[in-house]
Amino acid sequence: MADTQVSNNSAVIRELQGRGVDQATGTFGNHTVRLSGAKPLRIDKIKPDRIPFQGFRTATRIARGAEGLGQAAAKTLSVLTQSGKLDARALLGAIRTAHEYAQRLGKLGTDAPSSALELFAPHVEGMTNLELAKAYQMLATTDADLLMTALVHEGRSNPEASDARRCAETLFDLQALLPQR
């Protein structure tokens with residue numbers, strides 16, 4: 001895929017530049033975001049991780065769904081605590097997987113977490129101070145800023161990008177949930 005140029009209105013470009021996000025950080029446009037020289041990522045087609053068979057009985061589906069939801073939330077936070085650059089594909093995949101599990105649990109009539117705060121709060125409570133600092137610092141990078149801006153822009157400009165809107169909402173909720181260090 002060829003380099004994607006920022007072709008958005010000048011207000012978005014000035015806003016990004018004011019926050020320190022420039023061409024060196026990455027670009028977005030035409031349903032795609034590219035972070036720090038990584039491969040372009042289609043943000044209107046965010047794929048969840050593979051979800052294994054949940055079983056035939058409702059009780060089994062609920063138990064496996066709740067376990068999978070916890071694993072997806074833990075994976076999301078572990079992606080944020082990695083050293084190095086933000087892995088946007090892994091982060092968005094884990095968030096989409098958590099949304100998929102929550103949606104499935106909701107269809108089964110269980111009390112699935114209705115917000116990212118409710119989903120991630122138990123896992124954030126179990127994190128060490130070092131992990132909390134790493135996760136917050138990862139969300140404060142220019143890569144994360146560009147990713148969130150691209151998700152918001154995609155959600156506004158593409159009526160079919162509900163997954164991008166949910167991922168953006170989750171990232172903003174995580175940013176609010178993680179304590180500033």
# chains A, B, ... in the order shown; residues from 1 in each chain; ligands from 1

$ closest_atom_pairs --of "range 28-52 of chain A" --to "range 82-90 of chain A" --cutoff "12 Å" --atoms "only C-alpha atoms" --output "tab-separated table"
residue	atom	partner	partner_atom	distance
A:Thr32	CA	A:Arg89	CA	11.9
A:Val33	CA	A:Ala88	CA	9.4
A:Arg34	CA	A:Ala88	CA	9.2
A:Leu35	CA	A:Ala88	CA	7.9
A:Ser36	CA	A:Lys85	CA	8.3
A:Gly37	CA	A:Lys85	CA	10.6
A:Ala38	CA	A:Asp87	CA	9.0
A:Lys39	CA	A:Arg89	CA	9.6
A:Pro40	CA	A:Arg89	CA	9.6
A:Leu41	CA	A:Arg89	CA	7.1
A:Arg42	CA	A:Arg89	CA	9.4
A:Ile43	CA	A:Arg89	CA	9.4
A:Lys45	CA	A:Arg89	CA	11.1
A:Ile46	CA	A:Arg89	CA	8.2
A:Lys47	CA	A:Arg89	CA	8.8
A:Pro48	CA	A:Ala90	CA	9.2
A:Asp49	CA	A:Ala90	CA	8.6

$ write_last_selection --atoms "C-alpha atoms" --output "PDB file, in the first residue's frame"
ATOM      1  CA  THR A  32      -6.039   4.350   7.007  1.00  0.00           C
ATOM      2  CA  VAL A  33      -3.545   5.265   9.720  1.00  0.00           C
ATOM      3  CA  ARG A  34       0.211   4.722   9.590  1.00  0.00           C
ATOM      4  CA  LEU A  35       2.187   5.088  12.808  1.00  0.00           C
ATOM      5  CA  SER A  36       5.939   5.765  12.863  1.00  0.00           C
ATOM      6  CA  GLY A  37       6.785   3.947   9.666  1.00  0.00           C
ATOM      7  CA  ALA A  38       4.739   0.837  10.501  1.00  0.00           C
ATOM      8  CA  LYS A  39       2.499  -0.788   7.927  1.00  0.00           C
ATOM      9  CA  PRO A  40      -0.725   1.107   7.183  1.00  0.00           C
ATOM     10  CA  LEU A  41      -3.742  -0.063   9.182  1.00  0.00           C
ATOM     11  CA  ARG A  42      -7.293   0.074   7.838  1.00  0.00           C
ATOM     12  CA  ILE A  43      -9.246   1.627  10.690  1.00  0.00           C
ATOM     13  CA  LYS A  45     -12.016  -2.674   9.141  1.00  0.00           C
ATOM     14  CA  ILE A  46     -10.643  -3.360  12.628  1.00  0.00           C
ATOM     15  CA  LYS A  47     -10.577  -7.109  13.200  1.00  0.00           C
ATOM     16  CA  PRO A  48     -10.947  -8.772  16.608  1.00  0.00           C
ATOM     17  CA  ASP A  49      -8.659 -11.598  17.608  1.00  0.00           C
TER      18      ASP A  49
END

$ residues_around --residues "range 63-70 of chain A" --least-positions-apart "2" --cutoff "7 Å" --atoms "only C-alpha atoms" --output "list in words"
Gln54, Ala59, Thr60, Arg61, Ala72, Ala73, Ala74, Ala98, Tyr101, Ala102 and Leu105 of chain A

$ residues_around --residues "range 107-123 of chain A" --least-positions-apart "3" --cutoff "7 Å" --atoms "only C-alpha atoms" --output "list in words"
Ala73, Ala74, Ala102, Gln103, Arg104, Gly126, Met127, Thr170, Asp173 and Leu177 of chain A

$ write_last_selection --atoms "N, CA and C atoms" --output "CSV table (one decimal), in the first residue's frame"
chain,number,residue,atom,x,y,z
A,73,ALA,N,-9.3,-8.0,28.1
A,73,ALA,CA,-8.9,-6.8,28.8
A,73,ALA,C,-7.5,-6.8,29.3
A,74,ALA,N,-7.1,-7.9,29.8
A,74,ALA,CA,-5.7,-8.1,30.2
A,74,ALA,C,-4.7,-7.9,29.1
A,102,ALA,N,-18.1,-8.8,25.1
A,102,ALA,CA,-19.1,-8.1,25.8
A,102,ALA,C,-20.5,-8.2,25.1
A,103,GLN,N,-20.4,-8.0,23.8
A,103,GLN,CA,-21.7,-8.1,23.0
A,103,GLN,C,-22.3,-9.5,23.1
A,104,ARG,N,-21.5,-10.5,23.0
A,104,ARG,CA,-22.0,-11.9,23.1
A,104,ARG,C,-22.6,-12.2,24.4
A,126,GLY,N,-5.2,-4.2,39.7
A,126,GLY,CA,-4.2,-5.2,39.9
A,126,GLY,C,-2.8,-4.9,39.3
A,127,MET,N,-2.7,-3.8,38.6
A,127,MET,CA,-1.4,-3.4,38.0
A,127,MET,C,-0.4,-2.8,39.0
A,170,THR,N,-13.1,3.7,23.9
A,170,THR,CA,-12.4,2.8,24.9
A,170,THR,C,-11.0,3.4,25.2
A,173,ASP,N,-11.5,6.4,27.4
A,173,ASP,CA,-11.8,5.9,28.8
A,173,ASP,C,-10.6,5.4,29.5
A,177,LEU,N,-8.9,6.5,33.0
A,177,LEU,CA,-8.8,5.5,34.1
A,177,LEU,C,-7.5,5.4,34.6

$ select_by_dssp --residues "range 2-166 of chain A" --states "alpha helix (DSSP H)" --output "PyMOL selection string"
chain A and resi 10-18+58-80+88-107+116-125+129-139+142-157+162-166

$ select_by_dssp --residues "chain A" --states "strand (DSSP E)" --output "ChimeraX atom specification"
/A:26-29,32-35,41-42

$ atom_distance --atom1 "CA of Asp44 in chain A" --atom2 "CA of His31 in chain A"
5.8 Å

$ residues_around --residues "Val152 in chain A" --least-positions-apart "3" --cutoff "7 Å" --atoms "only C-alpha atoms" --output "MDAnalysis selection string"
chainID A and resid 148:149 155:156 165 168

$ closest_residue --among "A:Glu125, A:Glu131, A:Glu154, A:Glu160" --to "Ser78 in chain A" --atoms "only C-alpha atoms"
A:Glu131

$ atom_distance --atom1 "CA of Ala150 in chain A" --atom2 "CA of Lys75 in chain A"
22.1 Å

$ decode --residues "range 30-169 of chain A" --atoms "C-alpha atoms" --output "mmCIF file, in the first residue's frame"
data_model
loop_
_atom_site.group_PDB
_atom_site.id
_atom_site.type_symbol
_atom_site.label_atom_id
_atom_site.label_comp_id
_atom_site.auth_asym_id
_atom_site.auth_seq_id
_atom_site.Cartn_x
_atom_site.Cartn_y
_atom_site.Cartn_z
ATOM 1 C CA ASN A 30 -8.717 7.629 3.448
ATOM 2 C CA HIS A 31 -9.689 5.162 6.218
ATOM 3 C CA THR A 32 -6.039 4.350 7.007
ATOM 4 C CA VAL A 33 -3.545 5.265 9.720
ATOM 5 C CA ARG A 34 0.211 4.722 9.590
ATOM 6 C CA LEU A 35 2.187 5.088 12.808
ATOM 7 C CA SER A 36 5.939 5.765 12.863
ATOM 8 C CA GLY A 37 6.785 3.947 9.666
ATOM 9 C CA ALA A 38 4.739 0.837 10.501
ATOM 10 C CA LYS A 39 2.499 -0.788 7.927
ATOM 11 C CA PRO A 40 -0.725 1.107 7.183
ATOM 12 C CA LEU A 41 -3.742 -0.063 9.182
ATOM 13 C CA ARG A 42 -7.293 0.074 7.838
ATOM 14 C CA ILE A 43 -9.246 1.627 10.690
ATOM 15 C CA ASP A 44 -12.637 1.088 9.088
ATOM 16 C CA LYS A 45 -12.016 -2.674 9.141
ATOM 17 C CA ILE A 46 -10.643 -3.360 12.628
ATOM 18 C CA LYS A 47 -10.577 -7.109 13.200
ATOM 19 C CA PRO A 48 -10.947 -8.772 16.608
ATOM 20 C CA ASP A 49 -8.659 -11.598 17.608
ATOM 21 C CA ARG A 50 -9.929 -15.102 16.947
ATOM 22 C CA ILE A 51 -12.549 -16.163 19.462
ATOM 23 C CA PRO A 52 -12.629 -19.914 20.109
ATOM 24 C CA PHE A 53 -15.837 -21.941 20.164
ATOM 25 C CA GLN A 54 -17.811 -21.036 23.256
ATOM 26 C CA GLY A 55 -19.781 -24.272 23.710
ATOM 27 C CA PHE A 56 -23.361 -25.405 23.271
ATOM 28 C CA ARG A 57 -24.852 -24.756 26.709
ATOM 29 C CA THR A 58 -25.656 -21.268 27.905
ATOM 30 C CA ALA A 59 -23.823 -21.732 31.196
ATOM 31 C CA THR A 60 -20.677 -22.844 29.351
ATOM 32 C CA ARG A 61 -20.939 -19.941 26.915
ATOM 33 C CA ILE A 62 -21.302 -17.464 29.772
ATOM 34 C CA ALA A 63 -18.344 -18.912 31.700
ATOM 35 C CA ARG A 64 -16.089 -19.007 28.640
ATOM 36 C CA GLY A 65 -17.274 -15.568 27.517
ATOM 37 C CA ALA A 66 -16.505 -14.024 30.904
ATOM 38 C CA GLU A 67 -13.075 -15.662 30.900
ATOM 39 C CA GLY A 68 -12.400 -14.462 27.360
ATOM 40 C CA LEU A 69 -13.512 -10.943 28.238
ATOM 41 C CA GLY A 70 -11.052 -10.865 31.127
ATOM 42 C CA GLN A 71 -8.262 -12.166 28.900
ATOM 43 C CA ALA A 72 -9.015 -9.541 26.230
ATOM 44 C CA ALA A 73 -8.945 -6.758 28.837
ATOM 45 C CA ALA A 74 -5.655 -8.069 30.230
ATOM 46 C CA LYS A 75 -4.183 -8.306 26.714
ATOM 47 C CA THR A 76 -5.212 -4.717 25.976
ATOM 48 C CA LEU A 77 -3.398 -3.499 29.071
ATOM 49 C CA SER A 78 -0.364 -5.677 28.345
ATOM 50 C CA VAL A 79 -0.058 -4.123 24.873
ATOM 51 C CA LEU A 80 -0.019 -0.722 26.568
ATOM 52 C CA THR A 81 2.715 -1.773 28.996
ATOM 53 C CA GLN A 82 5.098 -3.062 26.314
ATOM 54 C CA SER A 83 8.352 -1.267 25.828
ATOM 55 C CA GLY A 84 9.008 0.417 22.534
ATOM 56 C CA LYS A 85 6.481 1.693 20.042
ATOM 57 C CA LEU A 86 2.728 1.367 20.200
ATOM 58 C CA ASP A 87 1.479 -1.768 18.436
ATOM 59 C CA ALA A 88 -1.759 -0.300 17.077
ATOM 60 C CA ARG A 89 -2.885 -3.490 15.341
ATOM 61 C CA ALA A 90 -2.556 -5.592 18.525
ATOM 62 C CA LEU A 91 -4.152 -2.870 20.657
ATOM 63 C CA LEU A 92 -7.163 -2.389 18.394
ATOM 64 C CA GLY A 93 -7.543 -6.151 17.947
ATOM 65 C CA ALA A 94 -7.625 -6.707 21.717
ATOM 66 C CA ILE A 95 -10.135 -3.888 22.216
ATOM 67 C CA ARG A 96 -12.368 -5.263 19.442
ATOM 68 C CA THR A 97 -12.125 -8.748 20.991
ATOM 69 C CA ALA A 98 -13.258 -7.361 24.344
ATOM 70 C CA HIS A 99 -16.173 -5.608 22.621
ATOM 71 C CA GLU A 100 -17.098 -8.837 20.828
ATOM 72 C CA TYR A 101 -17.089 -10.833 24.085
ATOM 73 C CA ALA A 102 -19.148 -8.133 25.849
ATOM 74 C CA GLN A 103 -21.656 -8.112 23.000
ATOM 75 C CA ARG A 104 -21.976 -11.907 23.070
ATOM 76 C CA LEU A 105 -22.435 -11.922 26.834
ATOM 77 C CA GLY A 106 -25.093 -9.217 26.522
ATOM 78 C CA LYS A 107 -27.008 -11.383 24.031
ATOM 79 C CA LEU A 108 -26.925 -14.232 26.538
ATOM 80 C CA GLY A 109 -28.661 -12.021 29.103
ATOM 81 C CA THR A 110 -25.741 -11.565 31.490
ATOM 82 C CA ASP A 111 -24.523 -8.390 33.106
ATOM 83 C CA ALA A 112 -21.714 -7.694 30.656
ATOM 84 C CA PRO A 113 -19.654 -4.567 31.305
ATOM 85 C CA SER A 114 -21.419 -1.653 29.650
ATOM 86 C CA SER A 115 -18.415 0.669 29.575
ATOM 87 C CA ALA A 116 -14.672 0.487 29.250
ATOM 88 C CA LEU A 117 -14.313 1.842 32.773
ATOM 89 C CA GLU A 118 -16.335 -1.057 34.146
ATOM 90 C CA LEU A 119 -14.400 -3.561 32.037
ATOM 91 C CA PHE A 120 -10.848 -2.381 32.731
ATOM 92 C CA ALA A 121 -11.124 -1.113 36.330
ATOM 93 C CA PRO A 122 -10.579 -4.541 37.980
ATOM 94 C CA HIS A 123 -7.500 -5.151 35.829
ATOM 95 C CA VAL A 124 -6.075 -1.677 36.402
ATOM 96 C CA GLU A 125 -6.439 -2.193 40.166
ATOM 97 C CA GLY A 126 -4.173 -5.233 39.922
ATOM 98 C CA MET A 127 -1.398 -3.443 38.018
ATOM 99 C CA THR A 128 1.842 -2.397 39.662
ATOM 100 C CA ASN A 129 2.896 1.247 39.751
ATOM 101 C CA LEU A 130 5.491 0.567 37.052
ATOM 102 C CA GLU A 131 2.872 -1.030 34.776
ATOM 103 C CA LEU A 132 0.476 1.864 35.377
ATOM 104 C CA ALA A 133 3.177 4.365 34.505
ATOM 105 C CA LYS A 134 4.112 2.483 31.325
ATOM 106 C CA ALA A 135 0.492 2.236 30.190
ATOM 107 C CA TYR A 136 -0.167 5.912 30.848
ATOM 108 C CA GLN A 137 3.041 6.946 29.100
ATOM 109 C CA MET A 138 2.130 4.786 26.094
ATOM 110 C CA LEU A 139 -1.259 6.516 25.845
ATOM 111 C CA ALA A 140 0.485 9.899 26.116
ATOM 112 C CA THR A 141 2.762 9.286 23.100
ATOM 113 C CA THR A 142 2.277 11.049 19.795
ATOM 114 C CA ASP A 143 1.569 7.661 18.192
ATOM 115 C CA ALA A 144 -1.398 7.116 20.522
ATOM 116 C CA ASP A 145 -2.533 10.700 19.948
ATOM 117 C CA LEU A 146 -2.478 10.201 16.182
ATOM 118 C CA LEU A 147 -4.267 6.849 16.511
ATOM 119 C CA MET A 148 -7.047 8.339 18.663
ATOM 120 C CA THR A 149 -7.414 11.327 16.316
ATOM 121 C CA ALA A 150 -7.615 8.989 13.313
ATOM 122 C CA LEU A 151 -10.221 6.811 15.049
ATOM 123 C CA VAL A 152 -12.344 9.833 15.957
ATOM 124 C CA HIS A 153 -12.027 11.227 12.441
ATOM 125 C CA GLU A 154 -12.963 7.863 10.916
ATOM 126 C CA GLY A 155 -15.938 7.552 13.263
ATOM 127 C CA ARG A 156 -17.210 10.982 12.254
ATOM 128 C CA SER A 157 -16.628 10.684 8.518
ATOM 129 C CA ASN A 158 -17.657 7.049 7.965
ATOM 130 C CA PRO A 159 -21.146 6.079 9.188
ATOM 131 C CA GLU A 160 -20.239 2.374 8.945
ATOM 132 C CA ALA A 161 -17.181 2.639 11.212
ATOM 133 C CA SER A 162 -18.888 1.880 14.514
ATOM 134 C CA ASP A 163 -15.892 -0.269 15.496
ATOM 135 C CA ALA A 164 -13.604 2.765 15.141
ATOM 136 C CA ARG A 165 -15.948 4.843 17.322
ATOM 137 C CA ARG A 166 -16.044 2.162 20.026
ATOM 138 C CA CYS A 167 -12.248 1.762 19.946
ATOM 139 C CA ALA A 168 -11.767 5.532 20.243
ATOM 140 C CA GLU A 169 -14.210 5.678 23.154
#
